[in-house]
file model-v8.tsv (TSV, C-alpha atoms)
chain	number	residue	atom	x	y	z
A	18	MET	CA	129.54	123.75	89.76
A	19	ASP	CA	131.47	122.69	92.79
A	20	ILE	CA	130.09	119.89	94.92
A	21	SER	CA	130.35	121.90	98.13
A	22	THR	CA	128.32	124.72	96.61
A	23	VAL	CA	125.64	122.21	95.61
A	24	ASN	CA	125.65	120.80	99.14
A	25	LEU	CA	125.27	124.29	100.58
A	26	VAL	CA	122.31	125.07	98.33
A	27	VAL	CA	120.73	121.71	99.18
A	28	VAL	CA	121.06	122.32	102.92
A	29	ALA	CA	119.72	125.89	102.57
A	30	LEU	CA	116.64	124.74	100.64
A	31	ALA	CA	116.04	121.89	103.08
A	32	ALA	CA	116.34	124.33	106.00
A	33	ILE	CA	113.79	126.68	104.43
A	34	GLY	CA	111.40	123.78	103.82
A	35	THR	CA	111.83	122.47	107.36
A	36	LEU	CA	111.21	125.95	108.74
A	37	PHE	CA	107.96	126.27	106.80
A	38	LEU	CA	106.81	122.82	107.91
A	39	LEU	CA	107.61	123.76	111.52
A	40	ILE	CA	105.58	126.96	111.15
A	41	SER	CA	102.75	124.90	109.71
A	42	ALA	CA	102.83	122.48	112.65
A	43	VAL	CA	102.84	125.33	115.18
A	44	GLY	CA	99.86	126.85	113.37
A	45	MET	CA	98.12	123.49	113.46
A	46	LEU	CA	98.56	123.38	117.22
A	47	ARG	CA	97.84	127.03	118.01
A	48	LEU	CA	95.08	128.23	115.68
A	49	PRO	CA	91.60	128.21	117.18
A	50	ASP	CA	89.41	126.86	114.38
A	51	VAL	CA	89.16	124.05	111.83
A	52	LEU	CA	89.03	126.43	108.89
A	53	THR	CA	92.01	128.44	110.10
A	54	ARG	CA	93.93	125.25	110.71
A	55	MET	CA	93.32	124.37	107.08
A	56	HIS	CA	95.27	127.51	106.20
A	57	ALA	CA	98.28	126.10	108.03
A	58	ALA	CA	97.90	122.65	106.47
A	59	GLY	CA	97.26	123.88	102.97
A	60	ILE	CA	99.53	126.81	102.29
A	61	ALA	CA	102.64	126.72	104.44
A	62	ALA	CA	103.02	122.96	104.23
A	63	THR	CA	102.85	123.05	100.42
A	64	LEU	CA	105.58	125.68	100.27
A	65	GLY	CA	107.73	123.72	102.73
A	66	ILE	CA	107.42	120.41	100.93
A	67	THR	CA	108.16	122.21	97.63
A	68	CYS	CA	111.48	123.49	99.02
A	69	LEU	CA	112.32	120.01	100.36
A	70	LEU	CA	111.54	118.39	97.01
A	71	LEU	CA	113.69	120.95	95.17
A	72	ALA	CA	116.57	120.24	97.56
A	73	THR	CA	116.25	116.51	96.96
A	74	GLY	CA	116.08	116.90	93.20
A	75	LEU	CA	119.15	119.14	93.27
A	76	HIS	CA	121.08	116.60	95.32
A	77	PHE	CA	120.20	113.76	92.95
A	78	LEU	CA	120.62	115.88	89.82
A	79	ALA	CA	123.31	113.58	88.35
A	80	GLU	CA	121.07	110.54	88.79
A	81	GLY	CA	118.25	112.22	86.87
A	82	GLN	CA	115.77	112.53	89.71
A	83	MET	CA	114.93	116.21	89.17
A	84	LEU	CA	112.11	115.44	86.71
A	85	ARG	CA	110.47	113.05	89.16
A	86	MET	CA	110.70	115.64	91.94
A	87	VAL	CA	109.13	118.30	89.69
A	88	ALA	CA	106.33	115.83	88.94
A	89	LEU	CA	105.85	115.34	92.68
A	90	ILE	CA	105.74	119.13	93.17
A	91	ILE	CA	103.00	119.33	90.53
A	92	LEU	CA	101.20	116.49	92.30
A	93	PHE	CA	101.29	118.41	95.60
A	94	PHE	CA	100.13	121.62	93.97
A	95	VAL	CA	97.17	119.77	92.45
A	96	THR	CA	96.19	117.57	95.39
A	97	ALA	CA	96.60	119.99	98.31
A	98	PRO	CA	93.75	122.37	97.27
A	99	ILE	CA	91.49	119.40	96.44
A	100	ALA	CA	92.07	117.80	99.83
A	101	THR	CA	91.68	121.10	101.68
A	102	THR	CA	88.44	121.98	99.88
A	103	THR	CA	86.98	118.54	100.53
A	104	MET	CA	87.91	118.73	104.19
A	105	ALA	CA	86.46	122.22	104.52
A	106	ARG	CA	83.18	121.10	102.96
A	107	ALA	CA	82.97	118.06	105.21
A	108	ALA	CA	83.78	120.15	108.28
A	109	TYR	CA	81.19	122.77	107.35
A	110	ARG	CA	78.41	120.28	106.71
A	111	THR	CA	78.95	118.20	109.82
A	112	SER	CA	79.32	120.99	112.35
A	113	HIS	CA	77.29	123.80	113.78
A	114	SER	CA	77.92	127.45	113.08
A	115	ASP	CA	79.01	128.36	116.59
A	116	GLN	CA	82.13	126.24	116.19
A	117	PHE	CA	83.54	128.43	113.42
A	118	LEU	CA	84.94	131.91	113.74
A	119	LEU	CA	83.14	133.22	110.70
A	120	SER	CA	82.45	136.90	110.27
A	121	HIS	CA	80.50	136.31	107.06
A	122	ASP	CA	78.77	133.11	105.98
A	123	ASP	CA	77.54	132.87	102.41
A	124	LEU	CA	76.69	129.19	102.50
A	125	ALA	CA	74.20	129.62	105.35
A	126	ALA	CA	71.72	131.41	103.07
A	127	LEU	CA	72.16	128.89	100.26
A	128	SER	CA	71.68	125.65	102.15
A	129	PRO	CA	69.81	126.14	105.40
A	130	ALA	CA	69.04	122.42	105.70
A	131	ALA	CA	72.53	121.03	105.35
A	132	GLY	CA	74.59	123.90	106.74
A	133	PRO	CA	74.39	125.79	110.00
A	134	GLU	CA	71.41	127.87	110.96
A	135	SER	CA	70.94	130.74	108.56
A	136	GLN	CA	71.07	134.21	109.97
A	137	GLU	CA	68.13	136.33	108.92
A	138	GLU	CA	69.48	139.50	107.46
A	139	PRO	CA	67.35	142.67	107.55
A	140	GLY	CA	65.98	143.51	104.14
A	141	ALA	CA	66.74	140.12	102.60
A	142	ASP	CA	63.46	138.39	103.35
A	143	GLU	CA	61.56	139.25	100.17
A	144	GLU	CA	62.10	136.47	97.63
B	46	MET	CA	130.62	122.46	102.69
B	47	SER	CA	132.32	119.28	103.79
B	48	ASN	CA	130.66	115.91	103.76
B	49	ASP	CA	130.49	115.45	107.53
B	50	LEU	CA	128.93	118.86	108.05
B	51	PHE	CA	126.45	118.13	105.27
B	52	GLU	CA	125.26	114.92	106.88
B	53	LEU	CA	125.21	116.49	110.35
B	54	SER	CA	123.04	119.37	109.16
B	55	LEU	CA	120.68	116.92	107.47
B	56	VAL	CA	120.37	114.99	110.72
B	57	VAL	CA	119.59	118.26	112.54
B	58	LEU	CA	116.90	119.07	109.98
B	59	MET	CA	115.42	115.59	110.37
B	60	THR	CA	115.30	116.14	114.12
B	61	LEU	CA	113.44	119.42	113.61
B	62	LEU	CA	110.97	117.70	111.29
B	63	THR	CA	110.41	114.99	113.88
B	64	PHE	CA	109.67	117.64	116.51
B	65	SER	CA	107.22	119.26	114.09
B	66	LEU	CA	105.61	115.87	113.52
B	67	LEU	CA	105.17	115.52	117.28
B	68	LEU	CA	103.33	118.87	117.33
B	69	CYS	CA	100.98	117.51	114.64
B	70	PHE	CA	100.41	114.40	116.72
B	71	GLY	CA	99.47	116.67	119.60
B	72	ARG	CA	96.69	118.14	117.46
B	73	LEU	CA	95.72	114.61	116.40
B	74	LEU	CA	95.29	113.65	120.04
B	75	ARG	CA	93.69	116.88	121.23
B	76	GLY	CA	91.39	117.72	118.33
B	77	PRO	CA	87.86	117.98	119.66
B	78	LYS	CA	86.11	116.78	116.51
B	79	LEU	CA	86.91	114.48	113.62
B	80	PRO	CA	87.60	117.30	111.07
B	81	ASP	CA	90.44	118.53	113.28
B	82	ARG	CA	91.97	115.08	113.24
B	83	THR	CA	91.54	114.84	109.47
B	84	VAL	CA	93.46	118.09	108.95
B	85	ALA	CA	96.14	116.85	111.34
B	86	PHE	CA	96.39	113.61	109.34
B	87	ASP	CA	96.94	115.57	106.14
B	88	LEU	CA	99.79	117.51	107.70
B	89	ILE	CA	101.26	114.31	109.18
B	90	SER	CA	101.40	112.69	105.73
B	91	ILE	CA	103.22	115.75	104.36
B	92	HIS	CA	105.69	115.54	107.23
B	93	ALA	CA	106.22	111.84	106.48
B	94	VAL	CA	107.10	112.72	102.88
B	95	GLY	CA	109.56	115.36	104.11
B	96	ILE	CA	111.30	112.99	106.52
B	97	PHE	CA	111.45	110.36	103.76
B	98	LEU	CA	113.12	112.86	101.40
B	99	LEU	CA	115.69	113.96	103.98
B	100	PHE	CA	116.47	110.33	104.81
B	101	ALA	CA	117.01	109.57	101.11
B	102	VAL	CA	119.37	112.56	100.77
B	103	ASN	CA	121.23	111.59	103.94
B	104	SER	CA	121.78	107.99	102.86
B	105	HIS	CA	122.64	108.91	99.23
B	106	SER	CA	120.22	106.39	97.76
B	107	TYR	CA	117.68	107.68	95.31
B	108	VAL	CA	115.76	104.38	95.32
B	109	LEU	CA	114.08	105.58	98.52
B	110	LEU	CA	112.35	108.37	96.59
B	111	GLU	CA	109.82	105.83	95.32
B	112	GLY	CA	108.66	105.50	98.90
B	113	ALA	CA	108.23	109.27	99.12
B	114	ILE	CA	106.04	109.30	96.01
B	115	ILE	CA	103.90	106.43	97.30
B	116	THR	CA	103.58	108.13	100.71
B	117	ALA	CA	102.43	111.36	99.06
B	118	VAL	CA	99.77	109.63	96.96
B	119	LEU	CA	98.55	107.50	99.86
B	120	GLY	CA	98.36	110.53	102.14
B	121	PHE	CA	96.21	112.38	99.63
B	122	LEU	CA	93.95	109.35	99.13
B	123	GLY	CA	93.62	108.86	102.89
B	124	THR	CA	92.68	112.48	103.43
B	125	MET	CA	90.08	112.34	100.66
B	126	MET	CA	88.71	109.09	102.07
B	127	PHE	CA	88.40	110.55	105.57
B	128	ALA	CA	86.70	113.70	104.30
B	129	ARG	CA	84.22	111.90	102.08
B	130	ALA	CA	83.38	109.35	104.75
B	131	LEU	CA	82.90	112.14	107.29
B	132	GLU	CA	80.57	113.93	104.90
B	133	ARG	CA	78.58	110.83	104.04
B	134	TYR	CA	78.18	109.46	107.56
B	135	PRO	CA	78.03	112.59	109.71
B	136	HIS	CA	76.31	111.07	112.72
B	137	VAL	CA	78.82	108.34	113.41
B	138	ARG	CA	81.00	109.38	116.30
B	139	TRP	CA	84.37	107.86	115.65
B	140	LEU	CA	87.10	108.51	118.15
B	141	GLU	CA	85.17	111.11	120.07
B	142	ARG	CA	85.30	111.23	123.77
B	143	PRO	CA	81.89	110.74	125.34
B	144	SER	CA	82.38	113.42	127.99
B	145	GLU	CA	82.45	116.32	125.52
B	146	ASP	CA	79.14	115.95	123.71
B	147	GLU	CA	76.82	115.11	126.55
B	148	ASP	CA	74.46	117.99	126.66
call {"tool": "encode", "arguments": {"input": "model-v8.tsv", "output": "structure tokens"}}
result
Amino acid sequence: MDISTVNLVVVALAAIGTLFLLISAVGMLRLPDVLTRMHAAGIAATLGITCLLLATGLHFLAEGQMLRMVALIILFFVTAPIATTTMARAAYRTSHSDQFLLSHDDLAALSPAAGPESQEEPGADEE
Amino acid sequence: MSNDLFELSLVVLMTLLTFSLLLCFGRLLRGPKLPDRTVAFDLISIHAVGIFLLFAVNSHSYVLLEGAIITAVLGFLGTMMFARALERYPHVRWLERPSEDED
């Protein structure tokens, strides 16, 4: 394959990744809640950094760096949900329920001591 | 695509990533509670990895990719450390402005 075609593909993938990271940063600044901001940090940023890593591995394909970049992609796909879940649990347990825009809260009935105040539902008070 | 245009477009993309990083720093400064700042730190570490990768492509030296890997792992460990410490010590008020919680 021609070197200019490879450069074009590398720049296109890097542009897509940068665009997704920019969308993620705008969502981080604009979204109203901690849990909705975790959407921006967990989903769009993972897709953006995946495109950037693929562009880098394609540029250094002759040096044999594609395998290392694929390993880093796998690392991001494993660590981003773990970090987001841990942050969501910490944010839920250290805050009150009026700070979240939750329409439905399953954890409030399970742990009334650690979580926010549980809403008494009608018909759910036996057992 | 010629070589000059390739490097120029990479510099433009690095500038865009730097602007995006500044938006994340805005959330890091503004965030009312510590979980907001923790999420902002996670996104900042991902942006640091992205800028590292574009810098390595722009300077044609794949040795710099080691730094990207180390930045990714350290960002994940830092986020986990912040989240676990926040969960374990919930009443410590790091970095919070005293005018917001006086009620």
call {"tool": "atom_distance", "arguments": {"input": "model-v8.tsv", "atom1": "atom CA of Leu66 of chain B", "atom2": "atom CA of Ser47 of chain B"}}
result
28.6 Å
call {"tool": "interface_residues", "arguments": {"input": "model-v8.tsv", "of": "chain A", "to": "chain B", "cutoff": "8 Å", "atoms": "only C-alpha atoms", "output": "PyMOL selection string"}}
result
chain A and resi 21-22+24-25+28+31-32+35+38-39+42-43+45-46+51+54-55+58+62+66+69-70+73+76-77+80+82+89+93+96-97+100+103-104+106-108+110-111
call {"tool": "atom_distance", "arguments": {"input": "model-v8.tsv", "atom1": "atom CA of Asp123 of chain A", "atom2": "atom CA of Gly59 of chain A"}}
result
21.7 Å
